[in-house]
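Participant: Here you go, this is coords_27.cif (mmCIF, N, CA and C atoms).
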```cif
data_entry
loop_
_atom_site.label_atom_id
_atom_site.label_comp_id
_atom_site.auth_asym_id
_atom_site.auth_seq_id
_atom_site.Cartn_x
_atom_site.Cartn_y
_atom_site.Cartn_z
N MET A 193 123.55 91.46 64.54
CA MET A 193 124.28 91.15 65.74
C MET A 193 123.35 91.39 66.92
N GLY A 194 123.33 90.49 67.87
CA GLY A 194 122.49 90.62 69.06
C GLY A 194 123.12 91.54 70.07
N ALA A 195 122.39 91.78 71.17
CA ALA A 195 122.87 92.69 72.21
C ALA A 195 124.15 92.19 72.84
N ALA A 196 124.27 90.87 73.04
CA ALA A 196 125.48 90.31 73.64
C ALA A 196 126.69 90.55 72.74
N GLY A 197 126.50 90.37 71.44
CA GLY A 197 127.59 90.60 70.49
C GLY A 197 128.00 92.05 70.45
N GLU A 198 127.02 92.94 70.49
CA GLU A 198 127.32 94.37 70.48
C GLU A 198 128.07 94.77 71.75
N ALA A 199 127.64 94.22 72.87
CA ALA A 199 128.30 94.53 74.14
C ALA A 199 129.74 94.03 74.13
N ALA A 200 129.96 92.83 73.61
CA ALA A 200 131.31 92.28 73.55
C ALA A 200 132.19 93.12 72.63
N GLU A 201 131.64 93.55 71.51
CA GLU A 201 132.39 94.38 70.58
C GLU A 201 132.75 95.72 71.22
N ALA A 202 131.80 96.31 71.93
CA ALA A 202 132.05 97.59 72.60
C ALA A 202 133.11 97.44 73.68
N GLU A 203 133.04 96.34 74.43
CA GLU A 203 134.02 96.10 75.48
C GLU A 203 135.41 95.92 74.89
N ALA A 204 135.51 95.33 73.72
CA ALA A 204 136.79 95.11 73.09
C ALA A 204 137.35 96.39 72.47
N GLY A 205 136.57 97.47 72.52
CA GLY A 205 137.00 98.74 71.98
C GLY A 205 136.97 98.78 70.46
N GLN A 206 136.18 97.90 69.86
CA GLN A 206 136.13 97.83 68.42
C GLN A 206 134.80 98.30 67.87
N ALA A 207 134.02 98.97 68.70
CA ALA A 207 132.72 99.43 68.23
C ALA A 207 132.93 100.47 67.14
N SER A 208 132.25 100.28 66.05
CA SER A 208 132.37 101.19 64.91
C SER A 208 131.28 102.24 65.00
N VAL A 209 131.68 103.50 64.86
CA VAL A 209 130.71 104.58 64.88
C VAL A 209 130.53 105.06 63.45
N ALA A 210 129.34 104.88 62.93
CA ALA A 210 129.06 105.32 61.56
C ALA A 210 128.88 106.83 61.55
N LEU A 211 129.58 107.48 60.66
CA LEU A 211 129.43 108.92 60.48
C LEU A 211 128.52 109.15 59.28
N ARG A 212 127.71 110.20 59.37
CA ARG A 212 126.78 110.52 58.28
C ARG A 212 127.30 111.72 57.51
N TYR A 213 127.19 111.62 56.19
CA TYR A 213 127.59 112.70 55.30
C TYR A 213 126.52 112.89 54.25
N LEU A 214 126.27 114.14 53.90
CA LEU A 214 125.31 114.49 52.85
C LEU A 214 126.09 114.92 51.62
N LEU A 215 125.79 114.32 50.48
CA LEU A 215 126.49 114.66 49.25
C LEU A 215 125.86 115.87 48.58
N ASP A 216 126.70 116.82 48.18
CA ASP A 216 126.24 117.88 47.29
C ASP A 216 126.01 117.22 45.93
N THR A 217 125.17 117.81 45.12
CA THR A 217 124.81 117.20 43.84
C THR A 217 126.03 116.98 42.95
N HIS A 218 126.94 117.94 42.90
CA HIS A 218 128.12 117.74 42.04
C HIS A 218 128.98 116.59 42.54
N VAL A 219 129.03 116.38 43.85
CA VAL A 219 129.81 115.26 44.40
C VAL A 219 129.14 113.94 44.03
N LEU A 220 127.83 113.89 44.11
CA LEU A 220 127.11 112.69 43.67
C LEU A 220 127.42 112.38 42.22
N LEU A 221 127.33 113.39 41.36
CA LEU A 221 127.61 113.20 39.94
C LEU A 221 129.06 112.78 39.70
N TRP A 222 129.99 113.45 40.37
CA TRP A 222 131.40 113.12 40.19
C TRP A 222 131.69 111.70 40.66
N TRP A 223 131.02 111.26 41.73
CA TRP A 223 131.20 109.89 42.21
C TRP A 223 130.65 108.89 41.19
N LEU A 224 129.43 109.13 40.74
CA LEU A 224 128.79 108.19 39.81
C LEU A 224 129.50 108.13 38.47
N PHE A 225 130.10 109.26 38.04
CA PHE A 225 130.81 109.30 36.76
C PHE A 225 132.32 109.12 36.92
N ASP A 226 132.76 108.81 38.15
CA ASP A 226 134.18 108.60 38.44
C ASP A 226 135.02 109.76 37.90
N ASP A 227 134.60 110.96 38.24
CA ASP A 227 135.23 112.18 37.76
C ASP A 227 136.46 112.51 38.62
N ARG A 228 137.55 112.87 37.98
CA ARG A 228 138.80 113.16 38.68
C ARG A 228 138.73 114.43 39.53
N ARG A 229 137.70 115.25 39.34
CA ARG A 229 137.55 116.47 40.15
C ARG A 229 137.16 116.18 41.59
N LEU A 230 136.72 114.96 41.87
CA LEU A 230 136.37 114.57 43.24
C LEU A 230 137.66 114.53 44.07
N SER A 231 137.68 115.28 45.16
CA SER A 231 138.90 115.34 45.97
C SER A 231 139.22 113.97 46.57
N ALA A 232 140.49 113.77 46.90
CA ALA A 232 140.91 112.51 47.52
C ALA A 232 140.18 112.30 48.84
N ARG A 233 140.01 113.36 49.61
CA ARG A 233 139.33 113.23 50.91
C ARG A 233 137.86 112.86 50.71
N ALA A 234 137.20 113.50 49.75
CA ALA A 234 135.79 113.17 49.48
C ALA A 234 135.67 111.74 48.99
N ARG A 235 136.57 111.33 48.10
CA ARG A 235 136.55 109.96 47.58
C ARG A 235 136.74 108.94 48.70
N ALA A 236 137.67 109.21 49.61
CA ALA A 236 137.93 108.30 50.74
C ALA A 236 136.73 108.25 51.68
N THR A 237 136.10 109.39 51.91
CA THR A 237 134.94 109.45 52.80
C THR A 237 133.78 108.65 52.24
N VAL A 238 133.52 108.82 50.96
CA VAL A 238 132.42 108.09 50.32
C VAL A 238 132.74 106.60 50.23
N SER A 239 133.98 106.27 50.00
CA SER A 239 134.40 104.86 49.87
C SER A 239 134.35 104.10 51.17
N ASP A 240 134.44 104.81 52.28
CA ASP A 240 134.47 104.16 53.60
C ASP A 240 133.08 103.61 53.92
N ARG A 241 132.93 102.31 53.87
CA ARG A 241 131.63 101.67 54.09
C ARG A 241 131.11 101.81 55.51
N ASP A 242 131.96 102.30 56.43
CA ASP A 242 131.49 102.58 57.78
C ASP A 242 130.69 103.87 57.82
N ASN A 243 130.82 104.70 56.78
CA ASN A 243 130.08 105.96 56.72
C ASN A 243 128.70 105.75 56.11
N HIS A 244 127.76 106.54 56.58
CA HIS A 244 126.38 106.52 56.08
C HIS A 244 126.25 107.72 55.15
N VAL A 245 126.21 107.46 53.85
CA VAL A 245 126.20 108.53 52.85
C VAL A 245 124.76 108.82 52.41
N LEU A 246 124.38 110.08 52.54
CA LEU A 246 123.02 110.51 52.23
C LEU A 246 122.99 111.32 50.93
N VAL A 247 121.90 111.14 50.19
CA VAL A 247 121.64 111.92 48.98
C VAL A 247 120.28 112.58 49.16
N SER A 248 120.26 113.89 49.11
CA SER A 248 119.01 114.63 49.28
C SER A 248 118.08 114.46 48.08
N SER A 249 116.81 114.43 48.35
CA SER A 249 115.82 114.46 47.27
C SER A 249 116.02 115.70 46.41
N ALA A 250 116.55 116.76 47.01
CA ALA A 250 116.82 117.99 46.26
C ALA A 250 117.82 117.74 45.13
N SER A 251 118.74 116.81 45.34
CA SER A 251 119.70 116.49 44.27
C SER A 251 118.99 115.84 43.09
N GLY A 252 118.00 115.02 43.36
CA GLY A 252 117.20 114.44 42.28
C GLY A 252 116.50 115.51 41.48
N LEU A 253 115.93 116.48 42.16
CA LEU A 253 115.26 117.60 41.48
C LEU A 253 116.27 118.42 40.68
N GLU A 254 117.44 118.68 41.27
CA GLU A 254 118.45 119.48 40.57
C GLU A 254 118.95 118.77 39.32
N ILE A 255 119.22 117.49 39.41
CA ILE A 255 119.71 116.73 38.25
C ILE A 255 118.64 116.70 37.16
N ALA A 256 117.39 116.41 37.53
CA ALA A 256 116.31 116.35 36.54
C ALA A 256 116.09 117.71 35.89
N THR A 257 116.14 118.77 36.67
CA THR A 257 115.95 120.12 36.14
C THR A 257 117.06 120.49 35.18
N LYS A 258 118.29 120.26 35.59
CA LYS A 258 119.43 120.63 34.73
C LYS A 258 119.47 119.77 33.47
N PHE A 259 119.04 118.53 33.57
CA PHE A 259 118.97 117.69 32.38
C PHE A 259 117.89 118.23 31.42
N ARG A 260 116.73 118.57 31.98
CA ARG A 260 115.62 119.07 31.17
C ARG A 260 115.95 120.33 30.42
N ILE A 261 116.70 121.24 31.05
CA ILE A 261 117.00 122.52 30.40
C ILE A 261 118.30 122.47 29.59
N GLY A 262 118.92 121.30 29.51
CA GLY A 262 120.09 121.12 28.66
C GLY A 262 121.43 121.42 29.29
N LYS A 263 121.45 121.68 30.61
CA LYS A 263 122.72 121.99 31.28
C LYS A 263 123.46 120.74 31.73
N LEU A 264 122.81 119.58 31.66
CA LEU A 264 123.43 118.35 32.15
C LEU A 264 123.06 117.18 31.24
N PRO A 265 123.44 117.24 29.96
CA PRO A 265 123.05 116.18 29.02
C PRO A 265 123.64 114.81 29.38
N ALA A 266 124.76 114.79 30.08
CA ALA A 266 125.38 113.51 30.45
C ALA A 266 124.55 112.72 31.45
N ALA A 267 123.55 113.34 32.04
CA ALA A 267 122.72 112.67 33.05
C ALA A 267 121.62 111.82 32.45
N ASN A 268 121.59 111.65 31.12
CA ASN A 268 120.49 110.90 30.50
C ASN A 268 120.36 109.49 31.07
N VAL A 269 121.47 108.83 31.37
CA VAL A 269 121.41 107.48 31.94
C VAL A 269 120.91 107.54 33.39
N LEU A 270 121.37 108.53 34.14
CA LEU A 270 120.96 108.66 35.54
C LEU A 270 119.46 108.95 35.67
N ILE A 271 118.95 109.80 34.80
CA ILE A 271 117.55 110.22 34.85
C ILE A 271 116.61 109.01 34.74
N GLN A 272 117.02 108.01 34.00
CA GLN A 272 116.17 106.84 33.80
C GLN A 272 115.96 106.05 35.09
N ASP A 273 116.94 106.09 36.02
CA ASP A 273 116.81 105.32 37.26
C ASP A 273 117.71 105.90 38.35
N LEU A 274 117.53 107.16 38.70
CA LEU A 274 118.37 107.77 39.73
C LEU A 274 118.27 107.04 41.07
N PRO A 275 117.06 106.66 41.53
CA PRO A 275 117.00 105.92 42.80
C PRO A 275 117.83 104.62 42.76
N GLY A 276 117.82 103.94 41.63
CA GLY A 276 118.61 102.72 41.50
C GLY A 276 120.10 102.99 41.55
N HIS A 277 120.55 104.05 40.88
CA HIS A 277 121.98 104.40 40.91
C HIS A 277 122.41 104.76 42.33
N VAL A 278 121.56 105.48 43.04
CA VAL A 278 121.86 105.86 44.42
C VAL A 278 121.95 104.61 45.30
N ALA A 279 120.99 103.72 45.16
CA ALA A 279 120.98 102.50 45.97
C ALA A 279 122.17 101.59 45.64
N ARG A 280 122.47 101.43 44.37
CA ARG A 280 123.61 100.58 43.98
C ARG A 280 124.94 101.13 44.48
N ALA A 281 125.02 102.44 44.64
CA ALA A 281 126.23 103.05 45.17
C ALA A 281 126.33 102.87 46.69
N GLY A 282 125.25 102.36 47.29
CA GLY A 282 125.24 102.17 48.74
C GLY A 282 124.83 103.40 49.52
N PHE A 283 124.24 104.38 48.82
CA PHE A 283 123.82 105.62 49.45
C PHE A 283 122.37 105.51 49.91
N HIS A 284 121.96 106.47 50.73
CA HIS A 284 120.60 106.48 51.28
C HIS A 284 119.93 107.81 50.98
N GLU A 285 118.68 107.75 50.59
CA GLU A 285 117.95 108.98 50.28
C GLU A 285 117.59 109.73 51.55
N LEU A 286 117.76 111.05 51.52
CA LEU A 286 117.31 111.93 52.58
C LEU A 286 116.15 112.74 52.03
N PRO A 287 114.92 112.36 52.38
CA PRO A 287 113.75 113.10 51.87
C PRO A 287 113.71 114.52 52.43
N ILE A 288 113.03 115.38 51.73
CA ILE A 288 112.83 116.75 52.18
C ILE A 288 111.60 116.79 53.06
N THR A 289 111.76 117.35 54.26
CA THR A 289 110.63 117.50 55.18
C THR A 289 110.19 118.97 55.21
N ILE A 290 109.07 119.22 55.83
CA ILE A 290 108.61 120.60 56.00
C ILE A 290 109.61 121.38 56.84
N ALA A 291 110.17 120.74 57.87
CA ALA A 291 111.19 121.41 58.70
C ALA A 291 112.40 121.81 57.86
N HIS A 292 112.82 120.93 56.95
CA HIS A 292 113.93 121.26 56.05
C HIS A 292 113.57 122.47 55.19
N ALA A 293 112.35 122.46 54.65
CA ALA A 293 111.91 123.55 53.77
C ALA A 293 111.86 124.88 54.52
N GLN A 294 111.34 124.84 55.74
CA GLN A 294 111.28 126.08 56.52
C GLN A 294 112.67 126.61 56.82
N LYS A 295 113.58 125.72 57.19
CA LYS A 295 114.95 126.13 57.51
C LYS A 295 115.63 126.71 56.27
N ALA A 296 115.45 126.05 55.12
CA ALA A 296 116.07 126.53 53.87
C ALA A 296 115.56 127.92 53.52
N GLY A 297 114.27 128.13 53.68
CA GLY A 297 113.69 129.44 53.37
C GLY A 297 114.10 130.52 54.33
N ALA A 298 114.45 130.14 55.55
CA ALA A 298 114.81 131.12 56.57
C ALA A 298 116.30 131.41 56.66
N LEU A 299 117.12 130.64 55.96
CA LEU A 299 118.57 130.88 56.03
C LEU A 299 118.91 132.28 55.54
N VAL A 300 119.69 132.97 56.32
CA VAL A 300 120.09 134.33 55.99
C VAL A 300 121.29 134.28 55.04
N GLY A 301 121.23 135.08 54.01
CA GLY A 301 122.33 135.15 53.05
C GLY A 301 121.82 135.51 51.68
N ASP A 302 122.71 136.03 50.87
CA ASP A 302 122.33 136.49 49.53
C ASP A 302 122.27 135.37 48.50
N HIS A 303 122.89 134.26 48.80
CA HIS A 303 122.94 133.15 47.83
C HIS A 303 121.52 132.64 47.59
N ARG A 304 121.09 132.65 46.34
CA ARG A 304 119.69 132.35 46.04
C ARG A 304 119.44 130.96 45.52
N ASP A 305 120.48 130.16 45.30
CA ASP A 305 120.31 128.82 44.75
C ASP A 305 119.49 127.96 45.72
N PRO A 306 118.28 127.56 45.32
CA PRO A 306 117.42 126.82 46.25
C PRO A 306 117.98 125.44 46.59
N PHE A 307 118.76 124.85 45.70
CA PHE A 307 119.34 123.54 45.97
C PHE A 307 120.41 123.64 47.05
N ASP A 308 121.26 124.64 46.97
CA ASP A 308 122.28 124.86 48.00
C ASP A 308 121.63 125.18 49.33
N ARG A 309 120.59 126.00 49.30
CA ARG A 309 119.88 126.33 50.53
C ARG A 309 119.31 125.08 51.20
N MET A 310 118.72 124.19 50.38
CA MET A 310 118.13 122.98 50.93
C MET A 310 119.19 122.07 51.53
N LEU A 311 120.30 121.89 50.82
CA LEU A 311 121.36 121.03 51.35
C LEU A 311 121.93 121.59 52.65
N ALA A 312 122.11 122.90 52.72
CA ALA A 312 122.59 123.52 53.95
C ALA A 312 121.60 123.31 55.09
N ALA A 313 120.33 123.50 54.81
CA ALA A 313 119.30 123.31 55.84
C ALA A 313 119.27 121.87 56.32
N GLN A 314 119.32 120.92 55.40
CA GLN A 314 119.30 119.51 55.78
C GLN A 314 120.53 119.18 56.61
N SER A 315 121.68 119.69 56.21
CA SER A 315 122.90 119.46 56.97
C SER A 315 122.77 119.96 58.40
N LEU A 316 122.29 121.17 58.54
CA LEU A 316 122.15 121.76 59.87
C LEU A 316 121.15 121.01 60.73
N LEU A 317 120.01 120.64 60.17
CA LEU A 317 118.98 119.96 60.96
C LEU A 317 119.31 118.49 61.23
N GLU A 318 119.99 117.85 60.29
CA GLU A 318 120.30 116.43 60.44
C GLU A 318 121.64 116.19 61.14
N GLY A 319 122.40 117.26 61.33
CA GLY A 319 123.67 117.14 62.04
C GLY A 319 124.73 116.37 61.28
N CYS A 320 124.78 116.58 59.97
CA CYS A 320 125.81 115.89 59.18
C CYS A 320 126.45 116.88 58.20
N PRO A 321 127.76 116.77 58.02
CA PRO A 321 128.42 117.69 57.08
C PRO A 321 128.07 117.36 55.63
N VAL A 322 128.23 118.38 54.80
CA VAL A 322 128.02 118.22 53.37
C VAL A 322 129.37 118.01 52.70
N LEU A 323 129.48 116.98 51.90
CA LEU A 323 130.66 116.79 51.06
C LEU A 323 130.48 117.69 49.85
N THR A 324 131.28 118.75 49.77
CA THR A 324 131.11 119.73 48.70
C THR A 324 132.38 120.54 48.50
N SER A 325 132.54 121.04 47.28
CA SER A 325 133.61 122.00 47.00
C SER A 325 133.04 123.41 46.93
N ASP A 326 131.75 123.55 47.23
CA ASP A 326 131.02 124.81 47.09
C ASP A 326 131.03 125.59 48.41
N ALA A 327 131.74 126.71 48.43
CA ALA A 327 131.83 127.54 49.64
C ALA A 327 130.50 128.16 50.02
N ALA A 328 129.56 128.25 49.08
CA ALA A 328 128.26 128.87 49.37
C ALA A 328 127.50 128.10 50.45
N ILE A 329 127.67 126.80 50.50
CA ILE A 329 126.97 126.00 51.52
C ILE A 329 127.53 126.29 52.90
N ALA A 330 128.84 126.40 53.01
CA ALA A 330 129.46 126.73 54.28
C ALA A 330 129.07 128.13 54.73
N ALA A 331 128.82 129.02 53.78
CA ALA A 331 128.43 130.40 54.13
C ALA A 331 127.11 130.43 54.89
N PHE A 332 126.30 129.40 54.74
CA PHE A 332 125.04 129.31 55.49
C PHE A 332 125.27 128.73 56.88
N GLY A 333 126.49 128.38 57.21
CA GLY A 333 126.80 127.82 58.52
C GLY A 333 126.80 126.31 58.57
N ALA A 334 126.60 125.67 57.43
CA ALA A 334 126.59 124.21 57.39
C ALA A 334 128.03 123.70 57.40
N PRO A 335 128.30 122.64 58.15
CA PRO A 335 129.65 122.06 58.12
C PRO A 335 129.89 121.39 56.77
N THR A 336 131.10 121.54 56.27
CA THR A 336 131.43 120.94 54.97
C THR A 336 132.75 120.17 55.07
N VAL A 337 132.92 119.24 54.16
CA VAL A 337 134.15 118.47 54.04
C VAL A 337 134.52 118.48 52.57
N TRP A 338 135.79 118.74 52.30
CA TRP A 338 136.27 118.64 50.94
C TRP A 338 137.71 118.14 50.97
#
```
Using structure tokens, write down the structure that the file contains.
Facilitator:
Amino acid sequence: MGAAGEAAEAEAGQASVALRYLLDTHVLLWWLFDDRRLSARARATVSDRDNHVLVSSASGLEIATKFRIGKLPAANVLIQDLPGHVARAGFHELPITIAHAQKAGALVGDHRDPFDRMLAAQSLLEGCPVLTSDAAIAAFGAPTVW
């Protein structure tokens, strides 16, 4: 859409504001496997094509690690082409930056899970809530939706 079209849409009061959300790894898995544990609110948020849904590179590491050590055998299909599954779902990768890593390492709290720390740090720095049922992420001060 050109500038004139955007201006006309804004004047008509129909401008759509895309909201960004970061998926926790379990939410990504539950979405891809159509798991009933995904809350109605999380399902509606992910389904809304006006939203910009992000998947952290940390989730790729977590899925691969848990698959390798036998904690996530159902991920065998995902492991073969996780970037493709993410793209086909209409999600966008959020790479890990040095700033994300520094923030994750500096977060105060006893929770030691490096994946949760990274998602909380990315949420805080990128200004987007995490779709999660995990209270540990909120304990770091990251906004969450469930």
Participant: Find the spatial neighbours of stretch 254-258 of chain A, counting only C-alpha atoms, within a cut-off of 9 Å - ignore same-chain residues fewer than 4 positions away - and output them as a PyMOL selection string.
Facilitator: chain A and resi 217+221+249-250+262-265+267+270-271+307
Participant: Name every residue that the PyMOL selection byres (((chain A and resi 222 and name CA) around 12) and name CA) selects in this structure, writing the answer as a PyMOL selection string with chains first and numbers rising.
Facilitator: chain A and resi 215-221+223-231+234-235+238+266-267+323-325
Participant: Those residues you just picked out, can you put them in a file as an mmCIF file, in the frame of the given file with N, CA and C atoms?
Facilitator:
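Result file is out.cif:
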```
data_model
loop_
_atom_site.group_PDB
_atom_site.id
_atom_site.type_symbol
_atom_site.label_atom_id
_atom_site.label_comp_id
_atom_site.auth_asym_id
_atom_site.auth_seq_id
_atom_site.Cartn_x
_atom_site.Cartn_y
_atom_site.Cartn_z
ATOM 1 N N LEU A 215 125.790 114.320 50.480
ATOM 2 C CA LEU A 215 126.490 114.660 49.250
ATOM 3 C C LEU A 215 125.860 115.870 48.580
ATOM 4 N N ASP A 216 126.700 116.820 48.180
ATOM 5 C CA ASP A 216 126.240 117.880 47.290
ATOM 6 C C ASP A 216 126.010 117.220 45.930
ATOM 7 N N THR A 217 125.170 117.810 45.120
ATOM 8 C CA THR A 217 124.810 117.200 43.840
ATOM 9 C C THR A 217 126.030 116.980 42.950
ATOM 10 N N HIS A 218 126.940 117.940 42.900
ATOM 11 C CA HIS A 218 128.120 117.740 42.040
ATOM 12 C C HIS A 218 128.980 116.590 42.540
ATOM 13 N N VAL A 219 129.030 116.380 43.850
ATOM 14 C CA VAL A 219 129.810 115.260 44.400
ATOM 15 C C VAL A 219 129.140 113.940 44.030
ATOM 16 N N LEU A 220 127.830 113.890 44.110
ATOM 17 C CA LEU A 220 127.110 112.690 43.670
ATOM 18 C C LEU A 220 127.420 112.380 42.220
ATOM 19 N N LEU A 221 127.330 113.390 41.360
ATOM 20 C CA LEU A 221 127.610 113.200 39.940
ATOM 21 C C LEU A 221 129.060 112.780 39.700
ATOM 22 N N TRP A 223 131.020 111.260 41.730
ATOM 23 C CA TRP A 223 131.200 109.890 42.210
ATOM 24 C C TRP A 223 130.650 108.890 41.190
ATOM 25 N N LEU A 224 129.430 109.130 40.740
ATOM 26 C CA LEU A 224 128.790 108.190 39.810
ATOM 27 C C LEU A 224 129.500 108.130 38.470
ATOM 28 N N PHE A 225 130.100 109.260 38.040
ATOM 29 C CA PHE A 225 130.810 109.300 36.760
ATOM 30 C C PHE A 225 132.320 109.120 36.920
ATOM 31 N N ASP A 226 132.760 108.810 38.150
ATOM 32 C CA ASP A 226 134.180 108.600 38.440
ATOM 33 C C ASP A 226 135.020 109.760 37.900
ATOM 34 N N ASP A 227 134.600 110.960 38.240
ATOM 35 C CA ASP A 227 135.230 112.180 37.760
ATOM 36 C C ASP A 227 136.460 112.510 38.620
ATOM 37 N N ARG A 228 137.550 112.870 37.980
ATOM 38 C CA ARG A 228 138.800 113.160 38.680
ATOM 39 C C ARG A 228 138.730 114.430 39.530
ATOM 40 N N ARG A 229 137.700 115.250 39.340
ATOM 41 C CA ARG A 229 137.550 116.470 40.150
ATOM 42 C C ARG A 229 137.160 116.180 41.590
ATOM 43 N N LEU A 230 136.720 114.960 41.870
ATOM 44 C CA LEU A 230 136.370 114.570 43.240
ATOM 45 C C LEU A 230 137.660 114.530 44.070
ATOM 46 N N SER A 231 137.680 115.280 45.160
ATOM 47 C CA SER A 231 138.900 115.340 45.970
ATOM 48 C C SER A 231 139.220 113.970 46.570
ATOM 49 N N ALA A 234 137.200 113.500 49.750
ATOM 50 C CA ALA A 234 135.790 113.170 49.480
ATOM 51 C C ALA A 234 135.670 111.740 48.990
ATOM 52 N N ARG A 235 136.570 111.330 48.100
ATOM 53 C CA ARG A 235 136.550 109.960 47.580
ATOM 54 C C ARG A 235 136.740 108.940 48.700
ATOM 55 N N VAL A 238 133.520 108.820 50.960
ATOM 56 C CA VAL A 238 132.420 108.090 50.320
ATOM 57 C C VAL A 238 132.740 106.600 50.230
ATOM 58 N N ALA A 266 124.760 114.790 30.080
ATOM 59 C CA ALA A 266 125.380 113.510 30.450
ATOM 60 C C ALA A 266 124.550 112.720 31.450
ATOM 61 N N ALA A 267 123.550 113.340 32.040
ATOM 62 C CA ALA A 267 122.720 112.670 33.050
ATOM 63 C C ALA A 267 121.620 111.820 32.450
ATOM 64 N N LEU A 323 129.480 116.980 51.900
ATOM 65 C CA LEU A 323 130.660 116.790 51.060
ATOM 66 C C LEU A 323 130.480 117.690 49.850
ATOM 67 N N THR A 324 131.280 118.750 49.770
ATOM 68 C CA THR A 324 131.110 119.730 48.700
ATOM 69 C C THR A 324 132.380 120.540 48.500
ATOM 70 N N SER A 325 132.540 121.040 47.280
ATOM 71 C CA SER A 325 133.610 122.000 47.000
ATOM 72 C C SER A 325 133.040 123.410 46.930
#
```
Participant: Which residues match the PyMOL selection byres ((chain A and resi 214) around 6.5) in the file above, as a list in words?
Facilitator: Arg212, Tyr213, Leu215, Asp216, Val245, Leu246, Val247, Ser248, Cys320, Pro321, Val322 and Leu323 of chain A
Participant: Could you pull out the residues in chain A that DSSP calls alpha helix (DSSP H) from the backbone, as a ChimeraX atom specification?
Facilitator: /A:195-203,217-224,232-239,249-260,268-272,274-280,290-298,306-318,327-331
Participant: Grab the atom N of A:Pro306 to atom N of A:Ala328 distance for me, in Å with one decimal place.
Facilitator: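 Atom-to-atom, atom N of A:Pro306 to atom N of A:Ala328, that is 11.9 Å.
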Participant: Let me make sure I understand: among A:Ala232, A:Ile288, A:Val269, A:Val300, which one has the smallest atom-to-atom distance to A:Gln314 if we use all atoms listed in the file?
Facilitator: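 Ranked by minimum distance to A:Gln314, first place goes to A:Ile288.
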Participant: I need the output of the PyMOL selection byres (((chain A and resi 301 and name CA) around 12) and name CA) for this file as a CSV table (one decimal) with N, CA and C atoms, keeping the file's coordinate frame; which residues are they?
Facilitator:
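Now in expr11.csv:
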```csv
chain,number,residue,atom,x,y,z
A,296,ALA,N,115.4,126.0,55.1
A,296,ALA,CA,116.1,126.5,53.9
A,296,ALA,C,115.6,127.9,53.5
A,297,GLY,N,114.3,128.1,53.7
A,297,GLY,CA,113.7,129.4,53.4
A,297,GLY,C,114.1,130.5,54.3
A,298,ALA,N,114.4,130.1,55.6
A,298,ALA,CA,114.8,131.1,56.6
A,298,ALA,C,116.3,131.4,56.7
A,299,LEU,N,117.1,130.6,56.0
A,299,LEU,CA,118.6,130.9,56.0
A,299,LEU,C,118.9,132.3,55.5
A,300,VAL,N,119.7,133.0,56.3
A,300,VAL,CA,120.1,134.3,56.0
A,300,VAL,C,121.3,134.3,55.0
A,302,ASP,N,122.7,136.0,50.9
A,302,ASP,CA,122.3,136.5,49.5
A,302,ASP,C,122.3,135.4,48.5
A,303,HIS,N,122.9,134.3,48.8
A,303,HIS,CA,122.9,133.2,47.8
A,303,HIS,C,121.5,132.6,47.6
A,304,ARG,N,121.1,132.6,46.3
A,304,ARG,CA,119.7,132.4,46.0
A,304,ARG,C,119.4,131.0,45.5
A,305,ASP,N,120.5,130.2,45.3
A,305,ASP,CA,120.3,128.8,44.8
A,305,ASP,C,119.5,128.0,45.7
A,306,PRO,N,118.3,127.6,45.3
A,306,PRO,CA,117.4,126.8,46.2
A,306,PRO,C,118.0,125.4,46.6
A,308,ASP,N,121.3,124.6,47.0
A,308,ASP,CA,122.3,124.9,48.0
A,308,ASP,C,121.6,125.2,49.3
A,309,ARG,N,120.6,126.0,49.3
A,309,ARG,CA,119.9,126.3,50.5
A,309,ARG,C,119.3,125.1,51.2
A,312,ALA,N,122.1,122.9,52.7
A,312,ALA,CA,122.6,123.5,54.0
A,312,ALA,C,121.6,123.3,55.1
A,328,ALA,N,129.6,128.2,49.1
A,328,ALA,CA,128.3,128.9,49.4
A,328,ALA,C,127.5,128.1,50.4
A,329,ILE,N,127.7,126.8,50.5
A,329,ILE,CA,127.0,126.0,51.5
A,329,ILE,C,127.5,126.3,52.9
A,330,ALA,N,128.8,126.4,53.0
A,330,ALA,CA,129.5,126.7,54.3
A,330,ALA,C,129.1,128.1,54.7
A,331,ALA,N,128.8,129.0,53.8
A,331,ALA,CA,128.4,130.4,54.1
A,331,ALA,C,127.1,130.4,54.9
A,332,PHE,N,126.3,129.4,54.7
A,332,PHE,CA,125.0,129.3,55.5
A,332,PHE,C,125.3,128.7,56.9
A,333,GLY,N,126.5,128.4,57.2
A,333,GLY,CA,126.8,127.8,58.5
A,333,GLY,C,126.8,126.3,58.6
```
Participant: Would you mind reading off the distance between atom CA of A:Gln272 and atom CA of A:Pro287, one decimal, in Å?
Facilitator: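 Atom CA of A:Pro287 lies at a distance of 19.3 Å from atom CA of A:Gln272.
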Participant: How many Å lie between atom C of A:Leu211 and atom CA of A:His244, rounded to one decimal?
Facilitator: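 Computed distance, atom C of A:Leu211 to atom CA of A:His244, equals 4.7 Å.
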Participant: Could you work out an axis-aligned box for stretch 299-314 of chain A, taking every atom the file lists and adding 5 Å on each side, and report centre and edge lengths in Å to one decimal, as lines of an AutoDock Vina configuration file?
Facilitator:
```
center_x = 120.0
center_y = 127.8
center_z = 50.7
size_x = 15.8
size_y = 27.3
size_z = 21.9
```
Participant: Between A:Ala334, A:Ala279, A:Leu253, A:Leu274, which residue has the minimum interatomic distance to A:Ala313, considering all atoms listed in the file?
Facilitator: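 Smallest distance to A:Ala313 is found for A:Ala334.
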